[in-house]
Amino acid sequence: MKRIALITGATSGIGKATAEKFAQNNIDLIITGRRNERLVSFAKELIEKYNIKVKALNFDVRDNEQVEKYLNSLEPEWKEIDILVNNAGLAAGKDAIQEALLSDWEQMIDTDVKGLLYVSRVVLPWMCKRMKGHVINICSIAGKEVYAGGSVYCAVKHAVDAISKGMRIDCLPYNIKVTNICPGAVETEFSMVRFKGDKEKNDATYRGFTPLTGEDIADTITYCALLPEHVNINDLVIMPTAQANSGLFFRK
């Protein structure tokens, strides 16, 4: 039976790469994002390239009214979501806690934690009713460790780590899988967003070693999603070979 996956933050990076991998595996897609032009263009590309069904929903996960409006407006057949990939998230700034911007904190909390919860709160009851489903939350090595300048980003990813554990417990009676994926350094738009377009800081982040790519994480997500029904990866940390922990790299 053909499956349906909902991927948030699908217009770039890990989300976009995951949508491509799922499409290659004949999975129909609901893709969401804030950048409508990119979203519509990508949906068209996936349909033409892979001959799958794609629904593009242009909304901001930080706005619960939008989340509920767009997801609840889906036709009944589209609500039979088999896989939810909570990918939408970001880091904003890398300042000491006593110097950081409140707006950065609010953006991270609203996107990485509340956005994940808003989407999950709509989709999980549909999965529970069907007694099947798989939620894949994109966390970070920052959800396992804390580093200088990352206090609040680490806090929100620690929250994702805890939510994933709690979600797995709460959803166990409904036969729902929950997977928490924690990447190390992945070269996407992540650092450009974090440093607000500062190319020098972005380039320095990945200088001297080979980071992971969005495709690397998408391969991992797809592996987890395609495992047999009785097999679940609860928690997975994936790093570049040149990275030992959140702050230690072998740079050439």
# chains A, B, ... in the order shown; residues from 1 in each chain; ligands from 1
call {"tool": "residues_around", "arguments": {"residues": "Lys132 of chain A", "least_positions_apart": "5", "cutoff": "9 Å", "atoms": "only C-alpha atoms", "output": "ChimeraX atom specification"}}
result
/A:82,127,174-177
call {"tool": "select_by_dssp", "arguments": {"residues": "segment 3-245 of chain A", "states": "alpha helix (DSSP H)", "output": "CSV table (one decimal) with C-alpha atoms, in the first residue's frame"}}
result
chain,number,residue,atom,x,y,z
A,13,GLY,CA,18.4,21.4,3.5
A,14,ILE,CA,17.4,18.2,5.2
A,15,GLY,CA,13.7,18.6,4.6
A,16,LYS,CA,14.1,19.1,0.9
A,17,ALA,CA,16.6,16.2,0.6
A,18,THR,CA,14.2,13.9,2.6
A,19,ALA,CA,11.3,14.8,0.3
A,20,GLU,CA,13.4,13.8,-2.7
A,21,LYS,CA,14.5,10.5,-1.1
A,22,PHE,CA,10.9,9.7,-0.1
A,23,ALA,CA,9.7,10.5,-3.6
A,24,GLN,CA,12.3,8.1,-5.0
A,36,ASN,CA,5.7,29.7,-1.2
A,37,GLU,CA,7.6,30.2,-4.5
A,38,ARG,CA,10.2,27.6,-3.6
A,39,LEU,CA,7.5,25.2,-2.2
A,40,VAL,CA,5.3,25.3,-5.3
A,41,SER,CA,8.3,24.9,-7.7
A,42,PHE,CA,9.6,21.9,-5.7
A,43,ALA,CA,6.2,20.3,-5.6
A,44,LYS,CA,5.9,20.5,-9.4
A,45,GLU,CA,9.4,19.1,-9.8
A,46,LEU,CA,8.7,16.1,-7.6
A,47,ILE,CA,5.4,15.3,-9.4
A,48,GLU,CA,7.0,15.5,-12.8
A,49,LYS,CA,10.2,13.6,-11.9
A,50,TYR,CA,8.8,10.8,-9.7
A,64,ASN,CA,-0.9,27.4,15.6
A,65,GLU,CA,-3.9,28.9,13.8
A,66,GLN,CA,-2.2,28.5,10.5
A,67,VAL,CA,-1.1,24.9,11.4
A,68,GLU,CA,-4.6,23.9,12.4
A,69,LYS,CA,-6.2,25.7,9.4
A,70,TYR,CA,-4.1,24.2,6.7
A,71,LEU,CA,-3.7,20.6,8.1
A,72,ASN,CA,-7.4,20.3,9.1
A,102,LEU,CA,15.4,38.0,23.0
A,103,SER,CA,14.1,37.9,19.4
A,104,ASP,CA,16.6,35.1,18.6
A,105,TRP,CA,15.4,33.1,21.6
A,106,GLU,CA,11.8,33.5,20.8
A,107,GLN,CA,12.3,32.5,17.1
A,108,MET,CA,14.1,29.3,18.2
A,116,LEU,CA,6.9,20.7,16.4
A,117,LEU,CA,4.3,20.4,19.0
A,118,TYR,CA,1.6,22.3,17.0
A,119,VAL,CA,2.0,20.0,14.0
A,120,SER,CA,2.3,16.8,16.1
A,121,ARG,CA,-0.9,17.8,18.1
A,122,VAL,CA,-2.9,17.8,14.8
A,123,VAL,CA,-1.4,14.7,13.1
A,124,LEU,CA,-1.0,12.3,16.1
A,125,PRO,CA,-4.7,11.8,16.7
A,126,TRP,CA,-5.1,10.8,13.1
A,127,MET,CA,-2.3,8.2,13.5
A,128,CYS,CA,-3.8,7.0,16.8
A,129,LYS,CA,-7.2,6.5,15.2
A,130,ARG,CA,-5.5,4.3,12.5
A,151,SER,CA,22.6,27.8,25.6
A,152,VAL,CA,19.1,28.5,24.2
A,153,TYR,CA,19.6,26.5,21.0
A,154,CYS,CA,20.8,23.6,23.1
A,155,ALA,CA,17.8,24.1,25.4
A,156,VAL,CA,15.3,23.9,22.5
A,157,LYS,CA,17.0,20.8,21.1
A,158,HIS,CA,17.1,19.2,24.6
A,159,ALA,CA,13.4,19.8,24.6
A,160,VAL,CA,13.0,18.0,21.3
A,161,ASP,CA,15.0,15.1,22.7
A,162,ALA,CA,12.7,15.0,25.8
A,163,ILE,CA,9.5,15.4,23.7
A,164,SER,CA,10.6,12.5,21.5
A,165,LYS,CA,11.0,10.2,24.5
A,166,GLY,CA,7.7,11.3,26.0
A,167,MET,CA,5.9,11.0,22.6
A,168,ARG,CA,7.2,7.4,22.3
A,169,ILE,CA,5.7,6.5,25.7
A,170,ASP,CA,2.4,8.2,25.1
A,171,CYS,CA,2.0,6.7,21.6
A,190,PHE,CA,21.8,26.3,8.9
A,191,SER,CA,24.9,28.5,9.6
A,192,MET,CA,23.9,31.2,7.2
A,193,VAL,CA,20.6,31.5,9.0
A,194,ARG,CA,22.3,31.3,12.4
A,199,LYS,CA,29.4,34.3,4.9
A,200,GLU,CA,32.7,34.5,6.7
A,201,LYS,CA,31.2,32.9,9.9
A,202,ASN,CA,29.3,30.4,7.8
A,203,ASP,CA,32.5,29.3,5.9
A,204,ALA,CA,34.5,29.1,9.1
A,205,THR,CA,32.0,26.7,10.6
A,206,TYR,CA,32.8,24.1,8.0
A,214,GLY,CA,21.3,17.2,3.8
A,215,GLU,CA,21.4,14.1,1.7
A,216,ASP,CA,23.3,12.2,4.3
A,217,ILE,CA,20.7,12.9,6.9
A,218,ALA,CA,17.9,12.2,4.4
A,219,ASP,CA,19.4,8.8,3.7
A,220,THR,CA,19.3,8.1,7.5
A,221,ILE,CA,15.7,9.3,7.8
A,222,THR,CA,14.7,7.2,4.9
A,223,TYR,CA,16.5,4.1,6.3
A,224,CYS,CA,14.5,4.5,9.6
A,225,ALA,CA,11.2,5.1,7.8
call {"tool": "select_by_dssp", "arguments": {"residues": "segment 23-249 of chain A", "states": "strand (DSSP E or B)", "output": "PyMOL selection string"}}
result
chain A and resi 28-33+54-58+83-86+133-138+176-183+186+212+235-238+243+249
call {"tool": "residues_around", "arguments": {"residues": "Lys114 of chain A", "least_positions_apart": "6", "cutoff": "9 Å", "atoms": "only C-alpha atoms", "output": "tab-separated table (two decimals) with C-alpha atoms, in the first residue's frame"}}
result
chain	number	residue	atom	x	y	z
A	61	VAL	CA	4.71	26.25	11.96
A	62	ARG	CA	5.11	28.97	14.61
A	63	ASP	CA	1.48	30.02	14.07
A	64	ASN	CA	-0.86	27.44	15.56
call {"tool": "closest_residue", "arguments": {"among": "A:Ala148, A:Phe195, A:Val231, A:Val54", "to": "Trp78 of chain A", "atoms": "only C-alpha atoms"}}
result
A:Val54
call {"tool": "closest_residue", "arguments": {"among": "A:Ile181, A:Gly149, A:Thr8, A:Met131", "to": "Gly115 of chain A", "atoms": "only C-alpha atoms"}}
result
A:Thr8
call {"tool": "atom_distance", "arguments": {"atom1": "atom CA of Phe250 of chain A", "atom2": "atom CA of Leu236 of chain A"}}
result
21.8 Å
call {"tool": "atom_distance", "arguments": {"atom1": "atom CA of Asp235 of chain A", "atom2": "atom CA of Thr213 of chain A"}}
result
19.5 Å
call {"tool": "atom_distance", "arguments": {"atom1": "atom CA of Gly133 of chain A", "atom2": "atom CA of Asn86 of chain A"}}
result
13.4 Å
call {"tool": "residues_around", "arguments": {"residues": "Val135 of chain A", "least_positions_apart": "5", "cutoff": "7 Å", "atoms": "only C-alpha atoms", "output": "mmCIF file with all heavy atoms, in the first residue's frame"}}
result
data_model
loop_
_atom_site.group_PDB
_atom_site.id
_atom_site.type_symbol
_atom_site.label_atom_id
_atom_site.label_comp_id
_atom_site.auth_asym_id
_atom_site.auth_seq_id
_atom_site.Cartn_x
_atom_site.Cartn_y
_atom_site.Cartn_z
ATOM 1 N N ILE A 83 3.881 8.865 7.831
ATOM 2 C CA ILE A 83 5.162 9.346 8.358
ATOM 3 C C ILE A 83 5.091 10.865 8.528
ATOM 4 O O ILE A 83 4.745 11.579 7.586
ATOM 5 C CB ILE A 83 6.329 9.013 7.400
ATOM 6 C CG1 ILE A 83 6.352 7.528 7.041
ATOM 7 C CG2 ILE A 83 7.665 9.437 8.010
ATOM 8 C CD1 ILE A 83 7.149 7.218 5.772
ATOM 9 N N LEU A 84 5.406 11.347 9.710
ATOM 10 C CA LEU A 84 5.532 12.785 9.972
ATOM 11 C C LEU A 84 6.989 13.075 10.269
ATOM 12 O O LEU A 84 7.561 12.521 11.213
ATOM 13 C CB LEU A 84 4.668 13.192 11.163
ATOM 14 C CG LEU A 84 4.937 14.587 11.749
ATOM 15 C CD1 LEU A 84 4.725 15.683 10.719
ATOM 16 C CD2 LEU A 84 4.076 14.815 12.988
ATOM 17 N N VAL A 85 7.604 13.931 9.462
ATOM 18 C CA VAL A 85 8.978 14.355 9.707
ATOM 19 C C VAL A 85 8.944 15.801 10.205
ATOM 20 O O VAL A 85 8.713 16.735 9.438
ATOM 21 C CB VAL A 85 9.860 14.241 8.446
ATOM 22 C CG1 VAL A 85 11.294 14.660 8.766
ATOM 23 C CG2 VAL A 85 9.826 12.818 7.894
ATOM 24 N N LYS A 177 5.485 4.499 15.915
ATOM 25 C CA LYS A 177 6.927 4.619 16.075
ATOM 26 C C LYS A 177 7.304 6.091 16.283
ATOM 27 O O LYS A 177 6.690 6.983 15.706
ATOM 28 C CB LYS A 177 7.655 4.132 14.819
ATOM 29 C CG LYS A 177 7.446 2.677 14.449
ATOM 30 C CD LYS A 177 8.317 2.359 13.221
ATOM 31 C CE LYS A 177 8.156 0.928 12.755
ATOM 32 N NZ LYS A 177 9.120 0.595 11.679
ATOM 33 N N VAL A 178 8.339 6.314 17.078
ATOM 34 C CA VAL A 178 8.906 7.663 17.232
ATOM 35 C C VAL A 178 10.418 7.546 17.165
ATOM 36 O O VAL A 178 11.022 6.757 17.893
ATOM 37 C CB VAL A 178 8.490 8.319 18.561
ATOM 38 C CG1 VAL A 178 9.118 9.712 18.676
ATOM 39 C CG2 VAL A 178 6.965 8.425 18.674
ATOM 40 N N THR A 179 11.011 8.330 16.276
ATOM 41 C CA THR A 179 12.457 8.317 16.078
ATOM 42 C C THR A 179 13.014 9.715 16.276
ATOM 43 O O THR A 179 12.487 10.683 15.722
ATOM 44 C CB THR A 179 12.804 7.828 14.658
ATOM 45 O OG1 THR A 179 12.323 6.488 14.482
ATOM 46 C CG2 THR A 179 14.304 7.861 14.417
#
